[in-house]
>>> print(open('query_27.txt').read())   # compact mmCIF, C-alpha atoms and all ligand atoms
# COMPACT_ATOMS: atom_id res chain seq x y z
CA MET A 1 -7.19 -44.14 21.54
CA GLU A 2 -5.44 -40.96 22.56
CA VAL A 3 -4.56 -40.48 26.22
CA VAL A 4 -3.87 -36.96 27.45
CA ILE A 5 -2.45 -36.60 30.97
CA ALA A 6 -2.74 -33.03 32.19
CA GLU A 7 -4.07 -30.75 34.91
CA GLN A 8 -7.81 -30.45 35.35
CA ARG A 9 -7.86 -26.95 33.83
CA GLU A 10 -6.19 -28.11 30.63
CA LEU A 11 -8.43 -31.18 30.36
CA THR A 12 -11.51 -28.97 30.72
CA GLY A 13 -10.18 -26.66 27.99
CA LEU A 14 -9.49 -29.55 25.62
CA ALA A 15 -12.98 -31.02 26.00
CA ALA A 16 -14.58 -27.57 25.60
CA ASP A 17 -12.39 -26.89 22.52
CA ALA A 18 -13.61 -30.10 20.88
CA VAL A 19 -17.26 -29.17 21.52
CA GLU A 20 -16.69 -25.59 20.37
CA ARG A 21 -14.92 -26.58 17.16
CA LEU A 22 -17.73 -28.98 16.30
CA VAL A 23 -20.58 -26.57 17.04
CA ARG A 24 -18.93 -23.65 15.22
CA GLU A 25 -18.33 -25.83 12.15
CA GLU A 26 -21.70 -27.54 12.26
CA PRO A 27 -24.31 -25.52 14.19
CA SER A 28 -26.80 -28.42 14.06
CA ALA A 29 -24.27 -30.83 15.61
CA VAL A 30 -25.52 -33.60 17.88
CA LEU A 31 -23.88 -33.64 21.32
CA GLY A 32 -23.92 -36.52 23.79
CA LEU A 33 -24.19 -35.19 27.34
CA ALA A 34 -22.85 -36.92 30.45
CA THR A 35 -23.75 -36.29 34.08
CA GLY A 36 -21.75 -37.10 37.22
CA SER A 37 -19.43 -34.50 38.75
CA THR A 38 -16.50 -34.87 36.32
CA PRO A 39 -17.92 -33.12 33.23
CA MET A 40 -19.39 -30.16 35.18
CA PRO A 41 -16.34 -27.87 34.71
CA VAL A 42 -16.66 -28.47 30.94
CA TYR A 43 -20.26 -27.20 31.03
CA ASP A 44 -19.15 -24.16 33.06
CA GLU A 45 -16.47 -23.42 30.46
CA LEU A 46 -18.96 -23.77 27.58
CA VAL A 47 -21.32 -21.39 29.38
CA ARG A 48 -18.45 -18.90 29.75
CA ARG A 49 -17.65 -19.18 26.05
CA HIS A 50 -21.32 -18.65 25.25
CA ARG A 51 -21.49 -15.50 27.39
CA GLU A 52 -18.11 -14.02 26.54
CA GLU A 53 -17.30 -15.37 23.09
CA GLY A 54 -20.66 -15.87 21.43
CA LEU A 55 -20.60 -19.66 21.29
CA SER A 56 -24.15 -20.64 20.34
CA PHE A 57 -26.08 -23.86 20.88
CA ALA A 58 -29.25 -22.59 19.22
CA GLY A 59 -29.15 -25.16 16.41
CA ALA A 60 -27.50 -28.04 18.28
CA ARG A 61 -29.24 -31.14 19.53
CA GLY A 62 -28.34 -33.05 22.67
CA PHE A 63 -28.89 -36.55 24.01
CA LEU A 64 -28.27 -37.65 27.58
CA LEU A 65 -26.46 -40.87 28.31
CA ASP A 66 -28.73 -42.15 31.03
CA GLU A 67 -31.44 -41.48 33.58
CA TYR A 68 -32.67 -42.83 36.90
CA VAL A 69 -35.98 -44.69 36.87
CA GLY A 70 -38.78 -43.18 38.90
CA LEU A 71 -37.40 -39.78 39.97
CA SER A 72 -40.08 -37.09 39.67
CA ARG A 73 -39.70 -34.39 36.99
CA ASP A 74 -38.55 -31.83 39.53
CA HIS A 75 -36.24 -34.10 41.53
CA PRO A 76 -32.84 -32.35 41.78
CA GLN A 77 -31.03 -35.56 40.76
CA ARG A 78 -33.13 -36.33 37.71
CA TYR A 79 -30.39 -36.23 35.06
CA ARG A 80 -32.51 -34.35 32.52
CA ARG A 81 -33.00 -31.66 35.16
CA VAL A 82 -29.29 -31.62 36.08
CA ILE A 83 -28.36 -31.07 32.42
CA SER A 84 -30.89 -28.25 32.13
CA GLN A 85 -29.48 -26.53 35.15
CA GLU A 86 -25.83 -27.09 34.33
CA ILE A 87 -25.91 -26.07 30.68
CA VAL A 88 -29.16 -25.91 28.69
CA GLU A 89 -30.84 -23.04 30.49
CA ARG A 90 -27.57 -21.14 30.95
CA VAL A 91 -27.00 -20.87 27.19
CA ASP A 92 -29.25 -20.32 24.15
CA TRP A 93 -30.15 -23.99 23.79
CA PRO A 94 -33.90 -24.65 23.27
CA GLU A 95 -35.00 -27.23 25.88
CA GLU A 96 -36.89 -29.28 23.30
CA GLN A 97 -33.65 -29.92 21.39
CA VAL A 98 -32.21 -31.89 24.32
CA LEU A 99 -33.58 -35.33 25.10
CA GLY A 100 -32.98 -37.93 27.77
CA PRO A 101 -34.38 -41.44 28.25
CA ASP A 102 -37.76 -41.18 30.02
CA GLY A 103 -37.32 -42.72 33.45
CA LEU A 104 -40.99 -41.99 34.25
CA ALA A 105 -42.46 -43.84 31.26
CA GLU A 106 -45.09 -46.47 32.02
CA ASP A 107 -43.57 -48.75 29.41
CA LEU A 108 -39.83 -48.52 29.97
CA PRO A 109 -38.67 -50.89 27.18
CA GLU A 110 -40.81 -48.88 24.76
CA ALA A 111 -39.27 -45.62 26.02
CA CYS A 112 -35.80 -47.12 25.44
CA ALA A 113 -36.69 -48.14 21.88
CA CYS A 114 -38.09 -44.62 21.19
CA TYR A 115 -34.89 -43.09 22.53
CA GLU A 116 -32.75 -45.19 20.20
CA GLN A 117 -35.00 -44.12 17.33
CA SER A 118 -34.66 -40.42 18.22
CA ILE A 119 -30.87 -40.69 18.20
CA ALA A 120 -30.96 -42.44 14.82
CA GLU A 121 -33.36 -39.84 13.39
CA ALA A 122 -31.00 -37.07 14.50
CA GLY A 123 -28.31 -38.75 12.43
CA GLY A 124 -26.37 -40.18 15.38
CA ILE A 125 -24.20 -38.44 17.96
CA ASP A 126 -21.21 -36.43 16.72
CA LEU A 127 -19.37 -35.99 20.00
CA GLN A 128 -20.13 -37.94 23.17
CA LEU A 129 -18.81 -36.67 26.52
CA LEU A 130 -18.24 -39.51 28.97
CA GLY A 131 -17.19 -40.05 32.56
CA ILE A 132 -16.28 -43.37 34.11
CA GLY A 133 -17.44 -45.08 37.29
CA ALA A 134 -14.92 -46.49 39.77
CA ASP A 135 -16.10 -49.97 38.72
CA GLY A 136 -15.44 -49.17 35.04
CA HIS A 137 -19.02 -48.38 34.07
CA VAL A 138 -19.76 -45.86 31.33
CA ALA A 139 -23.17 -44.20 31.39
CA PHE A 140 -24.87 -46.80 33.65
CA ASN A 141 -23.48 -49.87 31.87
CA GLU A 142 -22.42 -51.81 34.91
CA PRO A 143 -19.97 -54.74 34.88
CA GLY A 144 -21.47 -57.63 32.92
CA SER A 145 -23.13 -55.32 30.37
CA SER A 146 -23.15 -56.67 26.85
CA LEU A 147 -20.58 -54.87 24.74
CA ALA A 148 -23.25 -54.71 22.01
CA SER A 149 -26.06 -53.48 24.28
CA ARG A 150 -28.62 -50.83 23.31
CA THR A 151 -30.62 -48.42 25.50
CA ARG A 152 -32.35 -50.49 28.19
CA VAL A 153 -33.24 -50.85 31.86
CA LYS A 154 -30.34 -51.74 34.16
CA SER A 155 -29.94 -52.38 37.89
CA LEU A 156 -27.27 -50.32 39.61
CA THR A 157 -24.52 -52.06 41.58
CA ALA A 158 -24.23 -51.46 45.31
CA GLN A 159 -20.97 -49.58 44.64
CA THR A 160 -22.56 -47.18 42.14
CA ARG A 161 -25.49 -46.52 44.46
CA GLU A 162 -23.02 -45.86 47.28
CA ASP A 163 -20.86 -43.60 45.07
CA ASN A 164 -23.90 -41.61 43.93
CA ALA A 165 -25.44 -41.41 47.43
CA ARG A 166 -23.55 -38.15 47.96
CA PHE A 167 -26.02 -36.42 45.64
CA PHE A 168 -29.06 -37.67 47.58
CA ASP A 169 -30.33 -36.99 51.11
CA SER A 170 -29.81 -40.63 52.09
CA PRO A 171 -28.29 -43.73 50.42
CA GLU A 172 -31.70 -45.48 50.35
CA GLU A 173 -33.05 -42.73 48.11
CA VAL A 174 -30.71 -43.67 45.24
CA PRO A 175 -32.89 -45.51 42.72
CA VAL A 176 -32.13 -49.18 42.10
CA HIS A 177 -32.96 -48.99 38.39
CA CYS A 178 -31.92 -46.74 35.55
CA LEU A 179 -32.23 -46.39 31.80
CA THR A 180 -28.94 -46.18 29.96
CA GLN A 181 -27.65 -45.96 26.42
CA GLY A 182 -26.02 -49.29 25.73
CA LEU A 183 -22.35 -49.84 25.00
CA GLY A 184 -23.33 -50.52 21.39
CA THR A 185 -25.25 -47.21 21.29
CA ILE A 186 -22.34 -45.25 22.77
CA SER A 187 -19.89 -46.94 20.40
CA GLU A 188 -21.76 -45.47 17.42
CA ALA A 189 -21.02 -41.86 18.41
CA ARG A 190 -18.39 -40.46 16.06
CA HIS A 191 -16.02 -39.07 18.70
CA LEU A 192 -15.88 -40.22 22.32
CA VAL A 193 -14.29 -37.85 24.86
CA LEU A 194 -13.89 -39.46 28.28
CA LEU A 195 -12.82 -37.47 31.33
CA ALA A 196 -11.54 -38.97 34.57
CA THR A 197 -9.95 -37.29 37.56
CA GLY A 198 -8.80 -38.46 40.99
CA GLU A 199 -7.02 -41.48 42.37
CA HIS A 200 -10.24 -43.47 42.92
CA LYS A 201 -10.61 -43.67 39.13
CA ALA A 202 -7.06 -45.02 38.56
CA PRO A 203 -7.98 -48.75 38.50
CA ALA A 204 -10.86 -48.14 36.06
CA VAL A 205 -8.67 -45.94 33.82
CA ARG A 206 -5.95 -48.58 33.85
CA GLN A 207 -8.42 -51.19 32.62
CA LEU A 208 -10.03 -48.82 30.11
CA VAL A 209 -6.72 -48.02 28.42
CA GLU A 210 -4.55 -51.08 28.99
CA GLY A 211 -6.81 -53.90 30.17
CA ALA A 212 -8.26 -56.75 28.16
CA ILE A 213 -11.61 -55.97 26.50
CA SER A 214 -14.19 -57.51 28.77
CA ALA A 215 -17.72 -56.97 30.07
CA ARG A 216 -16.12 -57.09 33.54
CA TRP A 217 -14.81 -53.56 32.81
CA PRO A 218 -17.43 -52.12 30.44
CA ALA A 219 -15.35 -49.05 29.49
CA THR A 220 -12.83 -51.34 27.77
CA VAL A 221 -15.24 -51.47 24.80
CA LEU A 222 -13.87 -48.03 23.91
CA GLN A 223 -10.68 -49.73 22.70
CA LEU A 224 -12.65 -50.89 19.66
CA HIS A 225 -13.67 -47.34 18.68
CA PRO A 226 -11.68 -45.47 16.00
CA HIS A 227 -11.81 -42.03 17.67
CA VAL A 228 -11.51 -41.92 21.45
CA THR A 229 -9.86 -39.24 23.57
CA VAL A 230 -9.16 -40.09 27.21
CA LEU A 231 -8.53 -36.96 29.28
CA VAL A 232 -7.05 -37.79 32.69
CA ASP A 233 -5.25 -36.00 35.50
CA GLU A 234 -2.07 -37.36 37.09
CA ALA A 235 -3.98 -39.14 39.85
CA ALA A 236 -6.36 -40.94 37.51
CA ALA A 237 -3.40 -41.83 35.26
CA SER A 238 -1.32 -43.20 38.15
CA GLY A 239 -1.99 -46.85 37.26
CA LEU A 240 -1.02 -46.56 33.57
CA GLU A 241 2.02 -48.61 32.62
CA LEU A 242 2.68 -46.66 29.44
CA ALA A 243 2.05 -43.18 30.87
CA ASP A 244 5.43 -41.87 29.65
CA TYR A 245 4.64 -42.92 26.11
CA TYR A 246 1.23 -41.17 26.18
CA ARG A 247 2.89 -37.99 27.51
CA GLN A 248 5.56 -38.08 24.82
CA ALA A 249 3.06 -38.77 22.02
CA TYR A 250 0.86 -35.87 23.13
CA ALA A 251 3.82 -33.48 23.53
CA SER A 252 5.00 -34.17 19.98
CA LYS A 253 1.58 -33.85 18.40
CA PRO A 254 1.13 -31.26 15.63
CA GLU A 255 -0.88 -28.32 16.98
CA TRP A 256 -3.39 -28.26 14.11
CA GLN A 257 -4.55 -31.77 14.90
CA GLY A 258 -6.78 -31.09 17.92
CA ILE A 259 -8.05 -34.07 19.86
N1 LIG B 301 -24.23 -42.35 35.27
C1 LIG B 301 -23.12 -41.58 35.74
C2 LIG B 301 -21.95 -41.80 34.80
O1 LIG B 301 -22.26 -41.29 33.51
C3 LIG B 301 -20.71 -41.13 35.37
O2 LIG B 301 -19.62 -41.28 34.47
C4 LIG B 301 -20.37 -41.72 36.71
C5 LIG B 301 -19.13 -41.12 37.35
O3 LIG B 301 -19.48 -39.95 38.03
P1 LIG B 301 -18.45 -38.91 38.62
O4 LIG B 301 -17.98 -38.10 37.47
O5 LIG B 301 -19.28 -38.09 39.57
O6 LIG B 301 -17.37 -39.67 39.28
O7 LIG B 301 -21.48 -41.50 37.57
C6 LIG B 301 -22.76 -41.90 37.18
O8 LIG B 301 -22.88 -43.24 37.49
>>> encode(input="query_27.txt", output="structure tokens", more="lines below")
Ligand SMILES: N[C@@H]1[C@@H](O)[C@H](O)[C@@H](COP(=O)(O)O)O[C@@H]1O
Amino acid sequence: MEVVIAEQRELTGLAADAVERLVREEPSAVLGLATGSTPMPVYDELVRRHREEGLSFAGARGFLLDEYVGLSRDHPQRYRRVISQEIVERVDWPEEQVLGPDGLAEDLPEACACYEQSIAEAGGIDLQLLGIGADGHVAFNEPGSSLASRTRVKSLTAQTREDNARFFDSPEEVPVHCLTQGLGTISEARHLVLLATGEHKAPAVRQLVEGAISARWPATVLQLHPHVTVLVDEAAASGLELADYYRQAYASKPEWQGI
């Protein structure tokens, strides 16, 4: 696990560089797309590179991490719609090449199994962008999630519903259920790039990087993955005991290596 502590602008650049390098080398790359507010500057930067530097997504495929259950197709908070608005329709990415779990399916377990199959048929995810919840969730894998879980229906915690209420007109409108890639699903992506900013994420980041692996803090499963990059600002890194070591290791890294 590599931990990079830097200013927001640099973190955004590093995540965008990793996506750009992958897509330029392999135009049919498979990208894992996260929602939440943290990755939005990365999408803006990718859109800029598309417009100004010819970065193309025409051959890429994309898979969302998660989706609310029951939000109508045109609901502004439906994650598939958010991803369309934030990146897909702002670049040259055909909509049909980006999939999310179907939160409107009549048979939700069946929709989850189909989603897993689609990811497998695409050859798996090359680079997965991730955020982290204040309670240590990744995607919508709330505390208690099996570290081996696959895409499935989950219930959101009161804290997550409260945290996400800012995107809805009222807290009661936040759905209680969601579909989410499991921790086992996410762990199969070849490169995980997790972004976290702000002091409210410091306890979760502390556990993610230095805590014991436990379903209590689902993000700790990332410690088992061979290629994880954790991109954090000073505030989110403020609980890390070994912050000086991470800074020193990153500063002395050969430039060619990338993240
Ligand atoms: N399902 C999403 C997660 O994928 C995201 O990581 C988290 C943090 O969001 P934010 O980046 O807005 O803090 O929010 C939601 O719960």
>>> residues_around(input="query_27.txt", residues="Leu156 of chain A", least_positions_apart="2", cutoff="7 Å", atoms="only C-alpha atoms", output="mmCIF file with C-alpha atoms, in the frame of the given file")
data_model
loop_
_atom_site.group_PDB
_atom_site.id
_atom_site.type_symbol
_atom_site.label_atom_id
_atom_site.label_comp_id
_atom_site.auth_asym_id
_atom_site.auth_seq_id
_atom_site.Cartn_x
_atom_site.Cartn_y
_atom_site.Cartn_z
ATOM 1 C CA GLU A 142 -22.420 -51.810 34.910
ATOM 2 C CA LYS A 154 -30.340 -51.740 34.160
ATOM 3 C CA ALA A 158 -24.230 -51.460 45.310
ATOM 4 C CA THR A 160 -22.560 -47.180 42.140
ATOM 5 C CA ARG A 161 -25.490 -46.520 44.460
ATOM 6 C CA VAL A 176 -32.130 -49.180 42.100
ATOM 7 C CA HIS A 177 -32.960 -48.990 38.390
#
>>> atom_distance(input="query_27.txt", atom1="atom CA of Ser214 of chain A", atom2="atom CA of Ala134 of chain A")
15.6 Å
>>> residues_around(input="query_27.txt", residues="Asp126 of chain A", least_positions_apart="4", cutoff="8 Å", atoms="all atoms listed in the file", output="ChimeraX atom specification")
/A:29-32,189-191
>>> closest_residue(input="query_27.txt", among="A:Thr229, A:Asn141, A:Ser37, A:Thr185", to="Gly124 of chain A", atoms="all atoms listed in the file")
A:Thr185
>>> residues_near_point(input="query_27.txt", point="(-8.4, -36.4, 34.3)", cutoff="6 Å", atoms="all atoms listed in the file", output="CSV table (one decimal) with C-alpha atoms, keeping the file's coordinate frame")
chain,number,residue,atom,x,y,z
A,195,LEU,CA,-12.8,-37.5,31.3
A,196,ALA,CA,-11.5,-39.0,34.6
A,197,THR,CA,-10.0,-37.3,37.6
A,231,LEU,CA,-8.5,-37.0,29.3
A,232,VAL,CA,-7.0,-37.8,32.7
A,233,ASP,CA,-5.2,-36.0,35.5
A,236,ALA,CA,-6.4,-40.9,37.5
>>> atom_distance(input="query_27.txt", atom1="atom CA of Ala105 of chain A", atom2="atom CA of Pro76 of chain A")
18.3 Å
>>> closest_residue(input="query_27.txt", among="A:Arg24, A:Arg73, A:Arg81, A:Arg247", to="Ala6 of chain A", atoms="all atoms listed in the file")
A:Arg247
>>> residues_near_ligand(input="query_27.txt", ligand="ligand LIG 301 (chain B)", cutoff="7 Å", atoms="all atoms listed in the file", output="list in words")
Ala34, Thr35, Gly36, Ser37, Thr38, Pro39, Leu65, Asp66, Leu130, Gly131, Ile132, Gly133, Val138, Ala139, Phe140, Thr160 and Asn164 of chain A
>>> axis_aligned_box(input="query_27.txt", around="segment 137-156 of chain A", padding_each_side="8 Å", output="AutoDock Vina command-line options")
--center_x -26.1 --center_y -50.9 --center_z 30.8 --size_x 30.2 --size_y 29.4 --size_z 33.6
>>> atom_distance(input="query_27.txt", atom1="atom CA of Leu194 of chain A", atom2="atom CA of Gly62 of chain A")
16.8 Å
>>> residues_around(input="query_27.txt", residues="Ala60 of chain A", least_positions_apart="6", cutoff="9 Å", atoms="all atoms listed in the file", output="MDAnalysis selection string")
chainID A and resid 23 26:31 93:94 97:98
>>> closest_residue(input="query_27.txt", among="A:Val221, A:Val174, A:Ala113, A:Ala235", to="Arg78 of chain A", atoms="only C-alpha atoms")
A:Val174
>>> closest_residue(input="query_27.txt", among="A:Cys178, A:Thr157, A:Glu241, A:Asp135", to="Pro203 of chain A", atoms="all atoms listed in the file")
A:Asp135
>>> closest_residue(input="query_27.txt", among="A:Glu25, A:Ser145, A:Gly54, A:Glu234", to="Gln8 of chain A", atoms="only C-alpha atoms")
A:Glu234
>>> closest_residue(input="query_27.txt", among="A:Gln248, A:Ser72, A:Ser84, A:Thr12", to="Val193 of chain A", atoms="all atoms listed in the file")
A:Thr12
>>> residues_around(input="query_27.txt", residues="segment 43-51 of chain A", least_positions_apart="5", cutoff="12 Å", atoms="all atoms listed in the file", output="PyMOL selection string")
chain A and resi 9-21+23-24+33-38+56-58+82-93+129
